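Have a look at final_9.csv; it's CSV, C-alpha atoms:
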```csv
chain,number,residue,atom,x,y,z
A,79,MET,CA,4.0,-60.5,1.9
A,80,GLY,CA,4.6,-63.2,4.5
A,81,ALA,CA,2.6,-66.0,6.0
A,82,TRP,CA,0.5,-63.5,7.9
A,83,PHE,CA,-1.0,-62.4,4.6
A,84,TRP,CA,-2.5,-65.8,4.0
A,85,TRP,CA,-3.9,-65.9,7.5
A,86,MET,CA,-5.4,-62.5,6.9
A,87,ILE,CA,-7.0,-63.6,3.6
A,88,PHE,CA,-8.4,-66.6,5.4
A,89,GLY,CA,-9.8,-64.4,8.2
A,90,MET,CA,-11.2,-61.9,5.6
A,91,ALA,CA,-12.9,-64.7,3.7
A,92,VAL,CA,-14.6,-66.1,6.8
A,93,VAL,CA,-15.9,-62.8,8.1
A,94,THR,CA,-17.1,-61.8,4.6
A,95,TYR,CA,-18.9,-65.2,4.2
A,96,ILE,CA,-20.7,-65.2,7.5
A,97,PRO,CA,-23.0,-62.3,6.9
A,98,ARG,CA,-23.8,-63.6,3.5
A,99,ALA,CA,-24.5,-67.2,4.4
A,100,ILE,CA,-26.2,-67.1,7.9
A,101,PRO,CA,-29.5,-65.4,6.8
A,102,LEU,CA,-29.8,-67.4,3.6
A,103,THR,CA,-29.4,-70.8,5.3
A,104,PHE,CA,-30.9,-70.1,8.7
A,105,LEU,CA,-34.1,-68.4,7.4
A,106,GLU,CA,-34.7,-71.2,4.8
A,107,GLY,CA,-38.1,-72.7,5.3
A,108,ARG,CA,-38.9,-70.2,8.2
A,109,GLU,CA,-41.9,-67.9,8.0
A,110,LEU,CA,-41.1,-64.5,9.4
A,111,PRO,CA,-43.7,-62.3,11.0
A,112,GLU,CA,-45.7,-60.3,8.4
A,113,ALA,CA,-44.3,-56.9,9.6
A,114,VAL,CA,-40.7,-58.1,9.2
A,115,GLN,CA,-41.4,-59.6,5.8
A,116,ASN,CA,-42.9,-56.2,4.7
A,117,VAL,CA,-39.8,-54.3,5.9
A,118,LEU,CA,-37.5,-56.8,4.2
A,119,ARG,CA,-39.4,-56.4,0.9
A,120,ASN,CA,-38.7,-52.7,1.1
A,121,ILE,CA,-35.0,-53.2,1.5
A,122,PRO,CA,-33.9,-53.6,-2.2
A,123,TYR,CA,-35.2,-50.2,-3.2
A,124,ALA,CA,-33.9,-48.5,-0.1
A,125,VAL,CA,-30.5,-50.1,-0.7
A,126,LEU,CA,-30.4,-48.7,-4.2
A,127,GLY,CA,-31.1,-45.2,-3.0
A,128,ALA,CA,-28.3,-45.5,-0.4
A,129,LEU,CA,-25.8,-47.1,-2.9
A,130,ILE,CA,-26.4,-44.4,-5.5
A,131,PHE,CA,-26.4,-41.3,-3.3
A,132,PRO,CA,-24.2,-39.5,-2.4
A,133,ALA,CA,-21.4,-41.7,-3.7
A,134,VAL,CA,-22.2,-41.2,-7.4
A,135,PHE,CA,-21.2,-37.5,-7.1
A,136,PHE,CA,-17.7,-38.5,-5.9
A,137,ILE,CA,-16.6,-41.0,-8.6
A,138,GLN,CA,-14.1,-38.4,-9.9
A,139,GLU,CA,-12.5,-35.3,-8.4
A,140,ASN,CA,-14.5,-33.3,-10.9
A,141,VAL,CA,-18.0,-33.4,-9.4
A,142,TRP,CA,-19.6,-32.8,-12.8
A,143,PHE,CA,-18.7,-36.3,-13.9
A,144,GLY,CA,-21.0,-37.7,-11.2
A,145,VAL,CA,-23.7,-35.1,-11.8
A,146,ILE,CA,-23.8,-35.6,-15.6
A,147,GLY,CA,-23.4,-39.4,-15.2
A,148,ALA,CA,-26.3,-39.6,-12.8
A,149,ALA,CA,-28.5,-37.4,-14.9
A,150,SER,CA,-27.7,-39.3,-18.0
A,151,ALA,CA,-28.4,-42.7,-16.3
A,152,PHE,CA,-31.8,-41.5,-15.0
A,153,ALA,CA,-32.7,-40.0,-18.4
A,154,ILE,CA,-31.8,-43.2,-20.4
A,155,ALA,CA,-33.5,-45.4,-17.8
A,156,PHE,CA,-36.7,-43.3,-18.0
A,157,THR,CA,-37.0,-44.0,-21.8
A,158,GLY,CA,-37.5,-47.7,-20.8
A,159,ALA,CA,-34.1,-48.9,-21.9
A,160,ASN,CA,-32.8,-52.1,-20.3
A,161,VAL,CA,-30.0,-52.0,-17.7
A,162,ILE,CA,-27.1,-52.8,-20.0
A,163,LEU,CA,-28.1,-49.9,-22.3
A,164,VAL,CA,-28.3,-47.6,-19.4
A,165,VAL,CA,-24.8,-48.6,-18.4
A,166,LEU,CA,-23.2,-48.4,-21.9
A,167,GLY,CA,-25.1,-45.2,-22.8
A,168,THR,CA,-24.0,-43.5,-19.6
A,169,ILE,CA,-20.3,-44.6,-20.2
A,170,ALA,CA,-20.5,-43.3,-23.7
A,171,ILE,CA,-21.9,-39.9,-22.7
A,172,LEU,CA,-19.2,-39.5,-20.0
A,173,SER,CA,-16.5,-40.6,-22.4
A,174,VAL,CA,-17.5,-37.8,-24.8
A,175,TYR,CA,-17.6,-35.3,-21.9
A,176,GLY,CA,-14.2,-36.5,-20.6
A,177,LEU,CA,-12.5,-36.2,-24.0
A,178,TRP,CA,-13.8,-32.7,-24.6
A,179,PHE,CA,-13.7,-31.2,-21.1
A,180,GLY,CA,-11.8,-33.6,-19.0
B,279,MET,CA,-37.4,-74.9,-18.2
B,280,GLN,CA,-34.6,-72.7,-19.6
B,281,GLU,CA,-36.7,-69.7,-18.8
B,282,HIS,CA,-35.1,-67.6,-16.1
B,283,GLY,CA,-32.4,-70.2,-15.6
B,284,PHE,CA,-28.6,-70.0,-15.7
B,285,SER,CA,-28.2,-68.3,-19.1
B,286,SER,CA,-30.8,-65.6,-18.2
B,287,GLY,CA,-28.8,-65.1,-15.0
B,288,LEU,CA,-25.6,-64.6,-17.1
B,289,LYS,CA,-27.4,-61.9,-19.1
B,290,ALA,CA,-28.8,-60.2,-16.1
B,291,GLY,CA,-25.3,-60.2,-14.5
B,292,ALA,CA,-23.6,-58.7,-17.6
B,293,SER,CA,-23.9,-55.1,-16.4
B,294,ILE,CA,-22.2,-56.1,-13.1
B,295,ALA,CA,-19.3,-57.7,-15.1
B,296,ILE,CA,-18.9,-54.5,-17.1
B,297,GLY,CA,-19.0,-52.4,-13.9
B,298,TYR,CA,-16.5,-54.6,-12.1
B,299,PHE,CA,-14.0,-54.4,-15.0
B,300,PRO,CA,-12.5,-51.0,-14.1
B,301,VAL,CA,-12.9,-51.5,-10.3
B,302,ALA,CA,-11.1,-54.9,-10.4
B,303,LEU,CA,-8.4,-53.7,-12.9
B,304,THR,CA,-7.6,-50.8,-10.5
B,305,PHE,CA,-7.6,-53.1,-7.5
B,306,GLY,CA,-5.1,-55.4,-9.3
B,307,LEU,CA,-2.9,-52.4,-10.0
B,308,LEU,CA,-3.1,-51.0,-6.5
B,309,ALA,CA,-2.4,-54.4,-5.0
B,310,LYS,CA,0.8,-54.5,-7.1
B,311,THR,CA,1.9,-51.1,-5.9
B,312,THR,CA,1.0,-52.2,-2.3
B,313,GLY,CA,3.5,-55.0,-2.7
B,314,LEU,CA,1.1,-58.0,-3.2
B,315,SER,CA,2.3,-60.7,-5.7
B,316,LEU,CA,0.0,-61.7,-8.6
B,317,ILE,CA,-1.0,-64.8,-6.7
B,318,GLU,CA,-1.7,-62.9,-3.5
B,319,ALA,CA,-3.8,-60.2,-5.3
B,320,THR,CA,-5.8,-62.8,-7.2
B,321,ALA,CA,-6.2,-65.0,-4.1
B,322,MET,CA,-7.8,-62.1,-2.3
B,323,SER,CA,-10.3,-61.6,-5.1
B,324,ILE,CA,-11.0,-65.4,-5.3
B,325,PHE,CA,-11.5,-66.0,-1.6
B,326,VAL,CA,-12.9,-62.7,-0.3
B,327,PHE,CA,-14.9,-61.2,-3.3
B,328,ALA,CA,-15.8,-58.0,-1.6
B,329,GLY,CA,-14.7,-54.8,-3.4
B,330,ALA,CA,-14.9,-52.2,-0.7
B,331,ALA,CA,-13.3,-54.4,2.0
B,332,GLN,CA,-10.5,-55.4,-0.4
B,333,TYR,CA,-9.7,-51.8,-1.3
B,334,ILE,CA,-9.7,-50.8,2.4
B,335,SER,CA,-7.4,-53.7,3.3
B,336,LEU,CA,-4.8,-52.4,0.8
B,337,SER,CA,-4.7,-49.0,2.5
B,338,LEU,CA,-4.6,-50.6,5.9
B,339,ILE,CA,-1.7,-52.9,4.8
B,340,THR,CA,0.2,-49.8,3.6
B,341,ALA,CA,-0.5,-48.1,6.9
B,342,GLY,CA,1.0,-51.1,8.7
B,343,VAL,CA,-2.2,-51.9,10.6
B,344,LEU,CA,-2.2,-55.3,12.4
B,345,PRO,CA,-3.7,-58.1,10.2
B,346,VAL,CA,-6.2,-59.0,12.9
B,347,LEU,CA,-7.6,-55.5,12.8
B,348,ILE,CA,-7.8,-55.7,9.1
B,349,VAL,CA,-10.0,-58.8,9.5
B,350,VAL,CA,-12.1,-57.1,12.1
B,351,ASN,CA,-12.6,-54.1,9.8
B,352,THR,CA,-13.6,-56.4,7.0
B,353,PHE,CA,-16.3,-57.8,9.2
B,354,ILE,CA,-17.6,-54.4,10.1
B,355,VAL,CA,-17.6,-53.2,6.5
B,356,ASN,CA,-19.6,-56.3,5.5
B,357,ILE,CA,-22.2,-56.4,8.3
B,358,ARG,CA,-24.6,-54.8,5.9
B,359,HIS,CA,-24.8,-58.1,4.0
B,360,PHE,CA,-26.8,-59.6,6.9
B,361,LEU,CA,-29.6,-57.3,6.0
B,362,MET,CA,-29.3,-57.8,2.3
B,363,THR,CA,-29.2,-61.6,2.4
B,364,ALA,CA,-32.1,-61.6,4.9
B,365,ALA,CA,-34.1,-59.5,2.3
B,366,LEU,CA,-32.9,-61.7,-0.6
B,367,ASN,CA,-34.1,-64.8,1.2
B,368,GLU,CA,-37.7,-63.5,0.8
B,369,LYS,CA,-37.1,-63.4,-3.0
B,370,MET,CA,-35.3,-66.7,-3.5
B,371,ALA,CA,-37.1,-69.9,-4.3
B,372,PRO,CA,-36.8,-72.5,-1.5
B,373,ASP,CA,-33.9,-74.8,-2.1
B,374,ALA,CA,-31.5,-77.2,-0.3
B,375,ARG,CA,-29.5,-75.5,2.4
B,376,TRP,CA,-26.2,-76.5,0.9
B,377,LYS,CA,-27.0,-74.9,-2.4
B,378,LYS,CA,-28.0,-71.7,-0.6
B,379,ALA,CA,-24.8,-71.8,1.4
B,380,LEU,CA,-22.9,-72.1,-1.9
B,381,TYR,CA,-24.4,-69.2,-3.7
B,382,ALA,CA,-24.4,-67.1,-0.5
B,383,PHE,CA,-20.7,-66.7,-1.2
B,384,GLY,CA,-21.5,-64.7,-4.3
B,385,ILE,CA,-23.8,-62.1,-2.8
B,386,THR,CA,-22.3,-58.6,-3.1
B,387,ASP,CA,-24.1,-55.2,-3.1
B,388,GLU,CA,-24.3,-55.5,-6.9
B,389,THR,CA,-25.5,-59.2,-7.2
B,390,PHE,CA,-28.0,-58.5,-4.4
B,391,THR,CA,-29.5,-55.5,-6.2
B,392,VAL,CA,-29.8,-57.4,-9.5
B,393,LEU,CA,-31.4,-60.4,-7.9
B,394,ALA,CA,-33.7,-58.6,-5.5
B,395,THR,CA,-35.1,-56.3,-8.2
B,396,GLN,CA,-36.0,-59.0,-10.7
B,397,PRO,CA,-39.6,-58.7,-11.7
B,398,GLY,CA,-41.9,-61.6,-11.0
B,399,ASP,CA,-42.2,-63.8,-8.0
B,400,LYS,CA,-39.5,-66.2,-6.8
B,401,ILE,CA,-36.0,-66.5,-8.3
B,402,ARG,CA,-34.5,-69.8,-9.2
B,403,THR,CA,-31.2,-70.9,-7.8
B,404,SER,CA,-29.8,-71.4,-11.4
B,405,PHE,CA,-30.6,-67.8,-12.2
B,406,ALA,CA,-28.7,-66.6,-9.2
B,407,ALA,CA,-25.8,-68.9,-10.2
B,408,GLY,CA,-25.7,-67.2,-13.6
B,409,VAL,CA,-25.6,-63.7,-12.1
B,410,ILE,CA,-22.9,-64.7,-9.7
B,411,VAL,CA,-20.7,-66.6,-12.1
B,412,ILE,CA,-20.3,-63.8,-14.6
B,413,SER,CA,-19.8,-61.2,-11.8
B,414,TYR,CA,-17.3,-63.3,-9.9
B,415,GLY,CA,-15.5,-64.2,-13.2
B,416,SER,CA,-15.1,-60.6,-14.1
B,417,TRP,CA,-13.9,-59.6,-10.6
B,418,VAL,CA,-11.2,-62.4,-10.4
B,419,LEU,CA,-10.1,-62.2,-14.1
B,420,PHE,CA,-9.7,-58.4,-14.1
B,421,THR,CA,-7.9,-58.3,-10.8
B,422,SER,CA,-5.2,-60.6,-12.3
B,423,LEU,CA,-5.1,-58.6,-15.5
B,424,GLY,CA,-4.8,-55.3,-13.6
B,425,HIS,CA,-1.8,-56.7,-11.7
B,426,LEU,CA,-0.3,-58.2,-14.8
B,427,ILE,CA,-0.4,-55.2,-17.1
B,428,GLY,CA,0.3,-52.9,-14.2
B,429,ALA,CA,-1.5,-50.0,-15.8
B,430,SER,CA,-5.0,-48.7,-15.8
B,431,LEU,CA,-7.2,-47.8,-18.7
B,432,PRO,CA,-6.7,-44.6,-20.7
B,433,ALA,CA,-7.7,-41.7,-18.4
B,434,PHE,CA,-10.9,-40.7,-20.1
B,435,LEU,CA,-12.2,-44.3,-20.2
B,436,GLN,CA,-11.2,-45.0,-16.6
B,437,ALA,CA,-13.1,-41.9,-15.6
B,438,SER,CA,-16.2,-42.6,-17.7
B,439,MET,CA,-16.3,-46.3,-16.7
B,440,SER,CA,-16.3,-45.4,-13.0
B,441,ILE,CA,-20.0,-44.5,-13.5
B,442,ALA,CA,-20.8,-48.1,-14.6
B,443,LEU,CA,-22.0,-49.6,-11.3
B,444,TYR,CA,-24.0,-46.5,-10.4
B,445,ALA,CA,-25.6,-46.4,-13.8
B,446,MET,CA,-26.6,-50.0,-13.2
B,447,PHE,CA,-28.2,-49.2,-9.9
B,448,VAL,CA,-30.2,-46.4,-11.6
B,449,GLY,CA,-31.2,-48.8,-14.4
B,450,LEU,CA,-32.4,-51.3,-11.8
B,451,LEU,CA,-34.3,-48.7,-9.7
B,452,VAL,CA,-36.1,-46.6,-12.4
B,453,PRO,CA,-38.4,-49.3,-13.9
B,454,SER,CA,-39.8,-50.0,-10.4
B,455,MET,CA,-40.1,-46.2,-9.6
B,456,LYS,CA,-42.5,-45.5,-12.4
B,457,GLY,CA,-45.9,-45.1,-11.0
B,458,ASN,CA,-44.9,-46.4,-7.6
B,459,ARG,CA,-44.6,-43.7,-5.0
B,460,LYS,CA,-43.5,-46.2,-2.4
B,461,VAL,CA,-40.4,-47.2,-4.3
B,462,VAL,CA,-39.5,-43.5,-5.0
B,463,SER,CA,-39.9,-42.7,-1.3
B,464,LEU,CA,-37.9,-45.7,-0.2
B,465,ALA,CA,-34.9,-44.8,-2.4
B,466,LEU,CA,-35.2,-41.1,-1.6
B,467,ILE,CA,-35.4,-41.4,2.2
B,468,ALA,CA,-32.5,-43.9,2.2
B,469,ALA,CA,-30.5,-41.5,-0.1
B,470,LEU,CA,-31.1,-38.6,2.3
B,471,PHE,CA,-30.1,-40.5,5.4
B,472,ASN,CA,-27.0,-41.8,3.7
B,473,SER,CA,-26.1,-38.3,2.5
B,474,MET,CA,-26.5,-37.0,6.0
B,475,PHE,CA,-24.2,-39.7,7.4
B,476,TYR,CA,-21.7,-39.0,4.7
B,477,PHE,CA,-21.5,-35.2,5.1
B,478,THR,CA,-21.6,-35.3,8.9
B,479,GLY,CA,-19.2,-38.2,9.1
B,480,TRP,CA,-21.3,-39.8,11.9
B,481,LEU,CA,-21.1,-43.3,10.4
B,482,SER,CA,-18.5,-45.0,8.2
B,483,THR,CA,-19.8,-46.1,4.7
B,484,GLY,CA,-20.7,-49.7,5.6
B,485,TRP,CA,-22.7,-48.8,8.6
B,486,ALA,CA,-24.2,-45.7,6.9
B,487,ILE,CA,-25.6,-47.8,4.0
B,488,MET,CA,-27.1,-50.4,6.4
B,489,VAL,CA,-28.6,-47.8,8.9
B,490,SER,CA,-30.1,-45.6,6.1
B,491,THR,CA,-31.6,-48.6,4.3
B,492,LEU,CA,-33.1,-50.1,7.4
B,493,ALA,CA,-34.4,-46.7,8.6
B,494,SER,CA,-36.1,-46.0,5.2
B,495,ALA,CA,-37.6,-49.5,5.0
B,496,ILE,CA,-39.1,-49.2,8.5
B,497,ILE,CA,-40.3,-45.6,8.1
B,498,ILE,CA,-42.1,-46.3,4.8
B,499,GLU,CA,-43.6,-49.5,6.2
B,500,LEU,CA,-45.0,-47.6,9.2
B,501,ILE,CA,-46.4,-44.8,6.9
B,502,SER,CA,-48.0,-47.2,4.4
B,503,ARG,CA,-49.6,-49.2,7.1
B,504,LYS,CA,-51.1,-46.1,8.7
B,505,GLY,CA,-52.3,-45.1,5.2
B,506,VAL,CA,-54.2,-48.5,4.9
B,507,ALA,CA,-55.6,-48.2,8.4
B,508,ALA,CA,-56.9,-44.6,7.9
```

Encoded form (structure tokens):
Amino acid sequence: MGAWFWWMIFGMAVVTYIPRAIPLTFLEGRELPEAVQNVLRNIPYAVLGALIFPAVFFIQENVWFGVIGAASAFAIAFTGANVILVVLGTIAILSVYGLWFG
Amino acid sequence: MQEHGFSSGLKAGASIAIGYFPVALTFGLLAKTTGLSLIEATAMSIFVFAGAAQYISLSLITAGVLPVLIVVNTFIVNIRHFLMTAALNEKMAPDARWKKALYAFGITDETFTVLATQPGDKIRTSFAAGVIVISYGSWVLFTSLGHLIGASLPAFLQASMSIALYAMFVGLLVPSMKGNRKVVSLALIAALFNSMFYFTGWLSTGWAIMVSTLASAIIIELISRKGVAA
């Protein structure tokens, strides 16, 4: 790659940083209207829903990987296991599935 | 004072580090096949630290797209972080602006979800630093490693580890879902909107996640307020 590549990385770094930094610095010490605060407090759980579905079904060409993975993750999480156990347990289940049927 | 400080942050971020491992390894490998040197591939992970945008940039480089347009596309893909960091700001303990400007660099979809779903009230800056350091370390290290070894994991492991970040999202969501219909509805409605955008192709991924999230958060807020009034 030539010099253009480094200019591109610089540009990518700047435009990635701006949406991360502006709200955190600009909103510091500012009280937002109650209604806006309430909506913002809803965001994390809504984001999780959107990040999981439907992408989880398309992690492999074989859709069953995603289906079994998602079902396993929900099942393990509902037992009250912590996040790292959910991650490792789900990977273990899919490894077994992959070795036998993959 | 060690409670919920840097080392608790490292622990909370460990799932992200595991999840980034296969993604970064594959990015390093793909960067190599795209023609990036080890330094160039690693530099992109060091300075940009945005998985989706980095993957897309590789395919755009291969397609011969103008670098300026790759930068514009990166911005579009990352616009959703405006919404996430605005939401995160409600959760973070007040701190000096320069410190917030510093850790803002490390906010990704994954670090955001881990930070924003922590139980309890406000999060300390040191906790956020811990979550970010271990995630960023994994991302940069395994990008280099993927380029260096020029191969991915054994196929079965590559396949099974591709679930890691999704399993983490589930593991973060479920404890809050239990006995909380509002959380269930928020996740469900956003998931439905996002699926609709995916299958109709109306919006690209970055926009789809942002619009679905915002729509769900607003709809549930309006419904729950009506419920209180009635």

Can you build me a table of chain A residues sitting at most 7 Å from chain B, with the closest atom pair per residue and its distance in Å to one decimal, using all atoms listed in the file, sorted by chain and residue number, as a tab-separated table?
```
residue	atom	partner	partner_atom	distance
A:Met79	CA	B:Leu314	CA	6.4
A:Met86	CA	B:Pro345	CA	5.8
A:Ile87	CA	B:Met322	CA	6.1
A:Gly89	CA	B:Val349	CA	5.8
A:Met90	CA	B:Val349	CA	5.1
A:Ala91	CA	B:Val326	CA	4.5
A:Val93	CA	B:Phe353	CA	5.1
A:Thr94	CA	B:Asn356	CA	6.1
A:Tyr95	CA	B:Phe383	CA	5.9
A:Pro97	CA	B:Phe360	CA	4.7
A:Arg98	CA	B:Ala382	CA	5.3
A:Ala99	CA	B:Ala382	CA	4.9
A:Pro101	CA	B:Ala364	CA	5.0
A:Leu102	CA	B:Asn367	CA	5.6
A:Thr103	CA	B:Arg375	CA	5.5
A:Glu106	CA	B:Pro372	CA	6.8
A:Gly107	CA	B:Pro372	CA	6.9
A:Asn116	CA	B:Glu499	CA	6.9
A:Val117	CA	B:Ala495	CA	5.4
A:Leu118	CA	B:Ala365	CA	4.7
A:Arg119	CA	B:Ala365	CA	6.3
A:Asn120	CA	B:Ala495	CA	5.2
A:Ile121	CA	B:Ala495	CA	5.7
A:Pro122	CA	B:Ala394	CA	6.0
A:Tyr123	CA	B:Ala465	CA	5.5
A:Ala124	CA	B:Ala465	CA	4.5
A:Val125	CA	B:Thr491	CA	5.3
A:Leu126	CA	B:Phe447	CA	6.1
A:Gly127	CA	B:Ala465	CA	3.9
A:Ala128	CA	B:Ala469	CA	4.6
A:Leu129	CA	B:Ile487	CA	6.9
A:Ile130	CA	B:Tyr444	CA	5.8
A:Phe131	CA	B:Ala469	CA	5.2
A:Pro132	CA	B:Ser473	CA	5.4
A:Val134	CA	B:Tyr444	CA	6.4
A:Ile137	CA	B:Ser440	CA	6.2
A:Gln138	CA	B:Ala437	CA	6.8
A:Gly147	CA	B:Ile441	CA	6.4
A:Ala148	CA	B:Ala445	CA	6.9
A:Ala151	CA	B:Ala445	CA	5.3
A:Phe152	CA	B:Val448	CA	6.2
A:Ala155	CA	B:Gly449	CA	5.3
A:Phe156	CA	B:Val452	CA	6.5
A:Asn160	CA	B:Gly449	CA	6.9
A:Val161	CA	B:Gly449	CA	4.8
A:Ile162	CA	B:Ser293	CA	5.3
A:Val164	CA	B:Gly449	CA	5.9
A:Val165	CA	B:Ala445	CA	5.2
A:Thr168	CA	B:Ala445	CA	6.7
A:Ile169	CA	B:Ser438	CA	5.2
A:Leu172	CA	B:Ser438	CA	4.9
A:Ser173	CA	B:Ser438	CA	5.1
A:Gly176	CA	B:Phe434	CA	5.4
A:Leu177	CA	B:Phe434	CA	6.2
```

Could you write those residues out with C-alpha atoms, as an mmCIF file, keeping the file's coordinate frame?
```cif
data_model
loop_
_atom_site.group_PDB
_atom_site.id
_atom_site.type_symbol
_atom_site.label_atom_id
_atom_site.label_comp_id
_atom_site.auth_asym_id
_atom_site.auth_seq_id
_atom_site.Cartn_x
_atom_site.Cartn_y
_atom_site.Cartn_z
ATOM 1 C CA MET A 79 4.000 -60.500 1.900
ATOM 2 C CA MET A 86 -5.400 -62.500 6.900
ATOM 3 C CA ILE A 87 -7.000 -63.600 3.600
ATOM 4 C CA GLY A 89 -9.800 -64.400 8.200
ATOM 5 C CA MET A 90 -11.200 -61.900 5.600
ATOM 6 C CA ALA A 91 -12.900 -64.700 3.700
ATOM 7 C CA VAL A 93 -15.900 -62.800 8.100
ATOM 8 C CA THR A 94 -17.100 -61.800 4.600
ATOM 9 C CA TYR A 95 -18.900 -65.200 4.200
ATOM 10 C CA PRO A 97 -23.000 -62.300 6.900
ATOM 11 C CA ARG A 98 -23.800 -63.600 3.500
ATOM 12 C CA ALA A 99 -24.500 -67.200 4.400
ATOM 13 C CA PRO A 101 -29.500 -65.400 6.800
ATOM 14 C CA LEU A 102 -29.800 -67.400 3.600
ATOM 15 C CA THR A 103 -29.400 -70.800 5.300
ATOM 16 C CA GLU A 106 -34.700 -71.200 4.800
ATOM 17 C CA GLY A 107 -38.100 -72.700 5.300
ATOM 18 C CA ASN A 116 -42.900 -56.200 4.700
ATOM 19 C CA VAL A 117 -39.800 -54.300 5.900
ATOM 20 C CA LEU A 118 -37.500 -56.800 4.200
ATOM 21 C CA ARG A 119 -39.400 -56.400 0.900
ATOM 22 C CA ASN A 120 -38.700 -52.700 1.100
ATOM 23 C CA ILE A 121 -35.000 -53.200 1.500
ATOM 24 C CA PRO A 122 -33.900 -53.600 -2.200
ATOM 25 C CA TYR A 123 -35.200 -50.200 -3.200
ATOM 26 C CA ALA A 124 -33.900 -48.500 -0.100
ATOM 27 C CA VAL A 125 -30.500 -50.100 -0.700
ATOM 28 C CA LEU A 126 -30.400 -48.700 -4.200
ATOM 29 C CA GLY A 127 -31.100 -45.200 -3.000
ATOM 30 C CA ALA A 128 -28.300 -45.500 -0.400
ATOM 31 C CA LEU A 129 -25.800 -47.100 -2.900
ATOM 32 C CA ILE A 130 -26.400 -44.400 -5.500
ATOM 33 C CA PHE A 131 -26.400 -41.300 -3.300
ATOM 34 C CA PRO A 132 -24.200 -39.500 -2.400
ATOM 35 C CA VAL A 134 -22.200 -41.200 -7.400
ATOM 36 C CA ILE A 137 -16.600 -41.000 -8.600
ATOM 37 C CA GLN A 138 -14.100 -38.400 -9.900
ATOM 38 C CA GLY A 147 -23.400 -39.400 -15.200
ATOM 39 C CA ALA A 148 -26.300 -39.600 -12.800
ATOM 40 C CA ALA A 151 -28.400 -42.700 -16.300
ATOM 41 C CA PHE A 152 -31.800 -41.500 -15.000
ATOM 42 C CA ALA A 155 -33.500 -45.400 -17.800
ATOM 43 C CA PHE A 156 -36.700 -43.300 -18.000
ATOM 44 C CA ASN A 160 -32.800 -52.100 -20.300
ATOM 45 C CA VAL A 161 -30.000 -52.000 -17.700
ATOM 46 C CA ILE A 162 -27.100 -52.800 -20.000
ATOM 47 C CA VAL A 164 -28.300 -47.600 -19.400
ATOM 48 C CA VAL A 165 -24.800 -48.600 -18.400
ATOM 49 C CA THR A 168 -24.000 -43.500 -19.600
ATOM 50 C CA ILE A 169 -20.300 -44.600 -20.200
ATOM 51 C CA LEU A 172 -19.200 -39.500 -20.000
ATOM 52 C CA SER A 173 -16.500 -40.600 -22.400
ATOM 53 C CA GLY A 176 -14.200 -36.500 -20.600
ATOM 54 C CA LEU A 177 -12.500 -36.200 -24.000
#
```

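Going from atom CA of A:Phe179 to atom CA of B:Tyr298 covers 25.2 Å.
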
Distance query stretch 412-423 of chain B at most 7 Å, only C-alpha atoms, self and fewer than 2 positions along chain excluded, as a PDB file with C-alpha atoms, keeping the file's coordinate frame:
```pdb
ATOM      1  CA  LEU B 288     -25.600 -64.600 -17.100  1.00  0.00           C
ATOM      2  CA  GLY B 291     -25.300 -60.200 -14.500  1.00  0.00           C
ATOM      3  CA  ALA B 292     -23.600 -58.700 -17.600  1.00  0.00           C
ATOM      4  CA  ILE B 294     -22.200 -56.100 -13.100  1.00  0.00           C
ATOM      5  CA  ALA B 295     -19.300 -57.700 -15.100  1.00  0.00           C
ATOM      6  CA  TYR B 298     -16.500 -54.600 -12.100  1.00  0.00           C
ATOM      7  CA  PHE B 299     -14.000 -54.400 -15.000  1.00  0.00           C
ATOM      8  CA  ALA B 302     -11.100 -54.900 -10.400  1.00  0.00           C
ATOM      9  CA  LEU B 303      -8.400 -53.700 -12.900  1.00  0.00           C
ATOM     10  CA  PHE B 305      -7.600 -53.100  -7.500  1.00  0.00           C
ATOM     11  CA  GLY B 306      -5.100 -55.400  -9.300  1.00  0.00           C
ATOM     12  CA  LEU B 316       0.000 -61.700  -8.600  1.00  0.00           C
ATOM     13  CA  THR B 320      -5.800 -62.800  -7.200  1.00  0.00           C
ATOM     14  CA  SER B 323     -10.300 -61.600  -5.100  1.00  0.00           C
ATOM     15  CA  ILE B 324     -11.000 -65.400  -5.300  1.00  0.00           C
ATOM     16  CA  GLY B 408     -25.700 -67.200 -13.600  1.00  0.00           C
ATOM     17  CA  VAL B 409     -25.600 -63.700 -12.100  1.00  0.00           C
ATOM     18  CA  ILE B 410     -22.900 -64.700  -9.700  1.00  0.00           C
ATOM     19  CA  HIS B 425      -1.800 -56.700 -11.700  1.00  0.00           C
ATOM     20  CA  LEU B 426      -0.300 -58.200 -14.800  1.00  0.00           C
ATOM     21  CA  ILE B 427      -0.400 -55.200 -17.100  1.00  0.00           C
TER      22      ILE B 427
END
```

*Go ahead and compute the interatomic distance for atom CA of B:Thr389 and atom CA of B:Phe284, in Å to one decimal.*
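Computed distance, atom CA of B:Thr389 to atom CA of B:Phe284, equals 14.1 Å.
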
Practice problem: Have a look at atom CA of B:Ala407 and atom CA of A:Leu163 and let me know their distance in Å, one decimal. | Solution: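 Computing it gives 22.6 Å between the two atoms.
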